[in-house]
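Novice: What follows is a single structure, and I will ask about it in a moment.
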Amino acid sequence: MFKLYGKDEKVELFKVRYKLRFISESDKYAPTIKANVFYEVKRTQQIPYTFSLILPPADGTLIKLDDIGLYPERRNSVYQLIIGFGGSSDILIYPMIPETDYFLRLEKAEYAPNPAVESLRYLGCLTKEDSPIQDPKLEIITVKDYETVAFNIFNPTSVYKKLIVDILVNRCLIEEVPKEEKVNIWRDILDYRLLRW
């Protein structure tokens with residue numbers, strides 16, 4: 001559901017007939033998606049979505065992906081978001097899931113990202129160099145009623161700075177694969193709780 005690809009890796013868009021399996025410790029990945037069951041992509045539609053923000057000095061904002069339409073409304077839809085950043089390289093972007101919890105953090109509670117504390121400001125944050133608009137490396141998968149993914153965006157400088165967020169929404173219609181059908185190749189999508197240990 002959240003993946004930052006390496007510099008030499010390419011993000012692959014889900015295509016028709018692509019198989020997905022949502023992995024969770026419970027029997028539901030989300031209220032609308034069964035866990036550990038195969039789904040097949042039946043249709044896709046690519047939708048570009050770009051916006052920008054001007055951030056005041058030493059200030060930030062929280063962007064919730066469901067507040068800006070990046071969660072599907074249908075039970076049988078999946079959004080594969082490919083996200084690139086542009087603008088100032090000074091802007092710090094902290095992934096949050098759920099929206100109140102920093103996603104990229106160390107195990108000790110006192111070593112969680114904190115933009116207000118200089119020694120923790122650069123812990124667990126992304127910049128535009130990690131996922132540039134020209135070669136985006138950040139992938140987020142959203143489904144109806146899943147935990148809210150957000151970005152805490154912070155400008156650590158003493159002047160106004162601009163961030164451009166460029167998103168390709170790969171909107172996919174999915175259908176459960178019958179249990180008797182053999183599936184040889186698929187992509188696992190892990191619940192965010194399994195990505196932390």
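Please note that chains go A, B, ... in the order of the structure tokens, that every chain numbers its residues from 1, and that ligands are numbered from 1 in the order shown.
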Could you go through chain A and tell me which residues DSSP, when run on the backbone, assigns to helix (DSSP H, G or I), listing them as a PDB file with C-alpha atoms, in the first residue's frame?

Specialist:
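Now in result.pdb:
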ATOM      1  CA  LEU A  65      -5.489  11.779   0.505  1.00  0.00           C
ATOM      2  CA  ASP A  66      -9.169  11.043   1.127  1.00  0.00           C
ATOM      3  CA  ASP A  67      -9.871  14.795   1.453  1.00  0.00           C
ATOM      4  CA  ILE A  68      -8.553  15.386  -2.067  1.00  0.00           C
ATOM      5  CA  ALA A 109       9.092   6.264  20.687  1.00  0.00           C
ATOM      6  CA  GLU A 110      11.422   9.201  21.304  1.00  0.00           C
ATOM      7  CA  TYR A 111      12.871   8.752  17.797  1.00  0.00           C
ATOM      8  CA  TYR A 192       0.643  -0.972   6.439  1.00  0.00           C
ATOM      9  CA  ARG A 193       0.788  -2.742   9.833  1.00  0.00           C
ATOM     10  CA  LEU A 194       2.822  -5.525   8.184  1.00  0.00           C
TER      11      LEU A 194
END

Novice: Could you produce a table of the residues of region 58-155 of chain A lying within 9 Å of region 6-24 of chain A, with the nearest pair of atoms per residue and their separation in Å rounded to one decimal, using only C-alpha atoms, ordered by chain and increasing residue number, as CSV?

Specialist:
residue,atom,partner,partner_atom,distance
A:Gln80,CA,A:Phe14,CA,7.6
A:Ile82,CA,A:Val11,CA,7.7
A:Asp130,CA,A:Lys7,CA,8.2
A:Ser131,CA,A:Lys7,CA,8.9
A:Asp135,CA,A:Lys10,CA,8.4
A:Pro136,CA,A:Val11,CA,7.8
A:Lys137,CA,A:Val11,CA,6.5
A:Leu138,CA,A:Val11,CA,8.2
A:Glu139,CA,A:Val11,CA,7.5

Novice: Compile the contact shell of region 169-180 of chain A as a list in words: residues with an atom at most 7 Å away, counting only C-alpha atoms, same-chain residues fewer than 2 positions apart removed.

Specialist: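 Using only C-alpha atoms, the neighbours found are Phe38, Tyr39, Glu40, Val41, Lys42, Arg43, Thr44, Gln45, Gln46, Ile47, Pro48, Asn76, Ser77, Val78, Tyr79, Gln80, Leu81, Ile82, Ile167 and Lys182 of chain A.
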
Novice: Take the residues that were just selected and, keeping N, CA and C atoms, output them as a PDB file, in the first residue's frame.

Specialist:
ATOM      1  N   PHE A  38      -7.255 -13.569  -4.161  1.00  0.00           N
ATOM      2  CA  PHE A  38      -6.791 -12.967  -5.408  1.00  0.00           C
ATOM      3  C   PHE A  38      -7.909 -12.144  -6.061  1.00  0.00           C
ATOM      4  N   TYR A  39      -7.499 -11.005  -6.615  1.00  0.00           N
ATOM      5  CA  TYR A  39      -8.386 -10.157  -7.411  1.00  0.00           C
ATOM      6  C   TYR A  39      -7.729  -9.941  -8.771  1.00  0.00           C
ATOM      7  N   GLU A  40      -8.571  -9.786  -9.788  1.00  0.00           N
ATOM      8  CA  GLU A  40      -8.066  -9.514 -11.135  1.00  0.00           C
ATOM      9  C   GLU A  40      -8.506  -8.121 -11.551  1.00  0.00           C
ATOM     10  N   VAL A  41      -7.569  -7.398 -12.171  1.00  0.00           N
ATOM     11  CA  VAL A  41      -7.873  -6.072 -12.710  1.00  0.00           C
ATOM     12  C   VAL A  41      -8.653  -6.272 -14.009  1.00  0.00           C
ATOM     13  N   LYS A  42      -9.853  -5.717 -14.077  1.00  0.00           N
ATOM     14  CA  LYS A  42     -10.715  -5.870 -15.249  1.00  0.00           C
ATOM     15  C   LYS A  42     -10.636  -4.671 -16.187  1.00  0.00           C
ATOM     16  N   ARG A  43     -10.488  -3.463 -15.617  1.00  0.00           N
ATOM     17  CA  ARG A  43     -10.376  -2.241 -16.424  1.00  0.00           C
ATOM     18  C   ARG A  43      -9.456  -1.265 -15.710  1.00  0.00           C
ATOM     19  N   THR A  44      -8.826  -0.392 -16.487  1.00  0.00           N
ATOM     20  CA  THR A  44      -7.994   0.658 -15.901  1.00  0.00           C
ATOM     21  C   THR A  44      -8.271   1.983 -16.601  1.00  0.00           C
ATOM     22  N   GLN A  45      -7.990   3.039 -15.880  1.00  0.00           N
ATOM     23  CA  GLN A  45      -8.108   4.397 -16.436  1.00  0.00           C
ATOM     24  C   GLN A  45      -7.059   5.246 -15.739  1.00  0.00           C
ATOM     25  N   GLN A  46      -6.207   5.906 -16.501  1.00  0.00           N
ATOM     26  CA  GLN A  46      -5.158   6.740 -15.931  1.00  0.00           C
ATOM     27  C   GLN A  46      -5.613   8.204 -15.919  1.00  0.00           C
ATOM     28  N   ILE A  47      -5.541   8.813 -14.733  1.00  0.00           N
ATOM     29  CA  ILE A  47      -6.022  10.177 -14.545  1.00  0.00           C
ATOM     30  C   ILE A  47      -4.903  11.016 -13.926  1.00  0.00           C
ATOM     31  N   PRO A  48      -4.397  12.024 -14.643  1.00  0.00           N
ATOM     32  CA  PRO A  48      -3.377  12.889 -14.048  1.00  0.00           C
ATOM     33  C   PRO A  48      -4.004  13.891 -13.075  1.00  0.00           C
ATOM     34  N   ASN A  76     -15.363  -2.122  -5.462  1.00  0.00           N
ATOM     35  CA  ASN A  76     -14.542  -2.919  -6.371  1.00  0.00           C
ATOM     36  C   ASN A  76     -13.549  -2.062  -7.162  1.00  0.00           C
ATOM     37  N   SER A  77     -13.131  -0.954  -6.572  1.00  0.00           N
ATOM     38  CA  SER A  77     -12.124  -0.090  -7.197  1.00  0.00           C
ATOM     39  C   SER A  77     -10.864  -0.042  -6.352  1.00  0.00           C
ATOM     40  N   VAL A  78      -9.750   0.084  -7.035  1.00  0.00           N
ATOM     41  CA  VAL A  78      -8.442   0.284  -6.405  1.00  0.00           C
ATOM     42  C   VAL A  78      -7.798   1.463  -7.101  1.00  0.00           C
ATOM     43  N   TYR A  79      -7.205   2.373  -6.334  1.00  0.00           N
ATOM     44  CA  TYR A  79      -6.422   3.466  -6.912  1.00  0.00           C
ATOM     45  C   TYR A  79      -4.949   3.167  -6.659  1.00  0.00           C
ATOM     46  N   GLN A  80      -4.201   3.081  -7.735  1.00  0.00           N
ATOM     47  CA  GLN A  80      -2.745   3.000  -7.654  1.00  0.00           C
ATOM     48  C   GLN A  80      -2.237   4.410  -7.924  1.00  0.00           C
ATOM     49  N   LEU A  81      -1.673   5.049  -6.905  1.00  0.00           N
ATOM     50  CA  LEU A  81      -1.199   6.424  -7.023  1.00  0.00           C
ATOM     51  C   LEU A  81       0.307   6.424  -7.217  1.00  0.00           C
ATOM     52  N   ILE A  82       0.751   7.022  -8.302  1.00  0.00           N
ATOM     53  CA  ILE A  82       2.179   7.191  -8.564  1.00  0.00           C
ATOM     54  C   ILE A  82       2.462   8.675  -8.358  1.00  0.00           C
ATOM     55  N   ILE A 167       0.528  13.615  -9.499  1.00  0.00           N
ATOM     56  CA  ILE A 167       0.017  12.260  -9.226  1.00  0.00           C
ATOM     57  C   ILE A 167      -0.593  11.672 -10.493  1.00  0.00           C
ATOM     58  N   LYS A 182      -6.440 -21.207 -11.022  1.00  0.00           N
ATOM     59  CA  LYS A 182      -5.025 -21.188 -10.625  1.00  0.00           C
ATOM     60  C   LYS A 182      -4.409 -19.834 -10.986  1.00  0.00           C
TER      61      LYS A 182
END

Novice: Out of A:Arg75, A:Lys161, A:Arg187, A:Arg196, which residue has the shortest atom-to-atom distance to Pro56 (chain A) when counting only C-alpha atoms?

Specialist: A:Lys161

Novice: Closest to Ile54 (chain A) among A:Thr100, A:Ser119, A:Thr127, A:Ser88, using only C-alpha atoms?

Specialist: A:Ser88

Novice: Fewer than 5 positions away in the same chain doesn't count, so skip those; otherwise give me all residues within 9 Å of region 27-30 of chain A, counting only C-alpha atoms, as a count of residues only.

Specialist: 10

Novice: Would you compute the distance between CA of Tyr160 (chain A) and CA of Val117 (chain A)? Give it in Å to one decimal.

Specialist: 19.6 Å

Novice: Find the distance between CA of Asn114 (chain A) and CA of Met96 (chain A) and write it in Å to one decimal.

Specialist: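 CA of Met96 (chain A) lies at a distance of 12.0 Å from CA of Asn114 (chain A).
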
Novice: Mind giving me the straight-line distance from CA of Gln134 (chain A) to CA of Tyr5 (chain A) in Å, one decimal?

Specialist: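 These atoms are spaced 14.1 Å apart.
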
Novice: Determine, counting only C-alpha atoms, which protein, DNA and RNA residues have an atom within 12 Å of an atom of Lys64 (chain A); residues of the same chain fewer than 2 positions away are not included. Present the result as a list in words.

Specialist: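 These residues fall inside the cut-off: Thr61, Leu62, Asp66, Asp67, Ile68, Gly69, Leu70, Tyr71, Tyr94, Pro95, Met96, Ile97, Pro98, Glu99, Thr100, Glu147, Thr148, Val149, Ala150, Phe151, Asn152 and Ile153 of chain A.
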